[in-house]
Amino acid sequence: MRQITLISTGGTIEKTYDEHAGTLSNRSTIVQEMLRLLRLEDTHINTLQLMSKDSLDFTDADRRRIAGAVDLLTGTPEDPTDCSGIVILHGTDTLCDTGEFLLQEIENPTIPIILTGAMRPFEMKRSDALQNLNEAIFATGSLKPGIWVVAHGNAFPFPGPTKDRERGTFVKPS
């Protein structure tokens with residue numbers, strides 16, 4: 001049985017509509033609701049709600065907190081953990097900043113560390129949230145160890161991926 005840890009940080013993928021205020025915001029995690037919609041054979045997912053923020057509000061301290069959680073979960077070649085991959089739900093606006101930060105902080109990752117998010121919240125029609133979450137979970141079993149962004153049918157290793165705002169996806173400059 002594959003053991004995956006999903007770290008929730010908020011972002012558009014987890015924004016919910018507040019009908020009283022008429023706004024979308026990160027109020028609480030909806031990860032369990034999304035996971036219930038997926039059929040995941042021989043896969044156990046541990047969830048960790050690290051924070052619930054829009055990534056535009058992330059600070060270096062937030063990124064250090066994410067790196068610290070990842071570091072605890074990955075283990076070392078001499079002392080591996082039972083975790084076979086990590087998925088980090090993250091806002092797309094600064095996802096690449098966090099990916100580059102993790103690349104500097106996590107030396108020689110022993111498992112795939114996947115960052116993903118959504119351009120449209122899970123609760124909205126035509127959301128890419130569930131697709132990207134499913135792809136990220138799948139990627140933990142097929143990508144080599146490292147820091148990756150996975151979304152919209154693509155997987156790009158760090159360094160280098162960027163968000164293409166016009167296309168609404170991530171790209172890797174050639």
# chains A, B, ... in the order shown; residues from 1 in each chain; ligands from 1

$ residues_around --residues "Thr81 in chain A" --least-positions-apart "2" --cutoff "12 Å" --atoms "only C-alpha atoms" --output "VMD selection string"
chain A and resid 2 to 5 70 to 79 83 to 86 110 to 111

$ closest_residue --among "A:Leu89, A:Met51, A:Ile7, A:Ile114" --to "Thr140 in chain A" --atoms "only C-alpha atoms"
A:Ile114

$ closest_residue --among "A:Thr169, A:Gln104, A:Ser127, A:Thr47" --to "Thr92 in chain A" --atoms "only C-alpha atoms"
A:Thr169

$ residues_around --residues "Ile13 in chain A" --least-positions-apart "2" --cutoff "7 Å" --atoms "only C-alpha atoms" --output "list in words"
Gly11, Lys15, Gly91, Gly117, Ala118, Arg120, Pro121, Phe122 and Ala129 of chain A

$ select_by_dssp --residues "range 28-134 of chain A" --states "alpha helix (DSSP H)" --output "VMD selection string"
chain A and resid 31 to 36 60 to 74 95 to 105 129 to 134
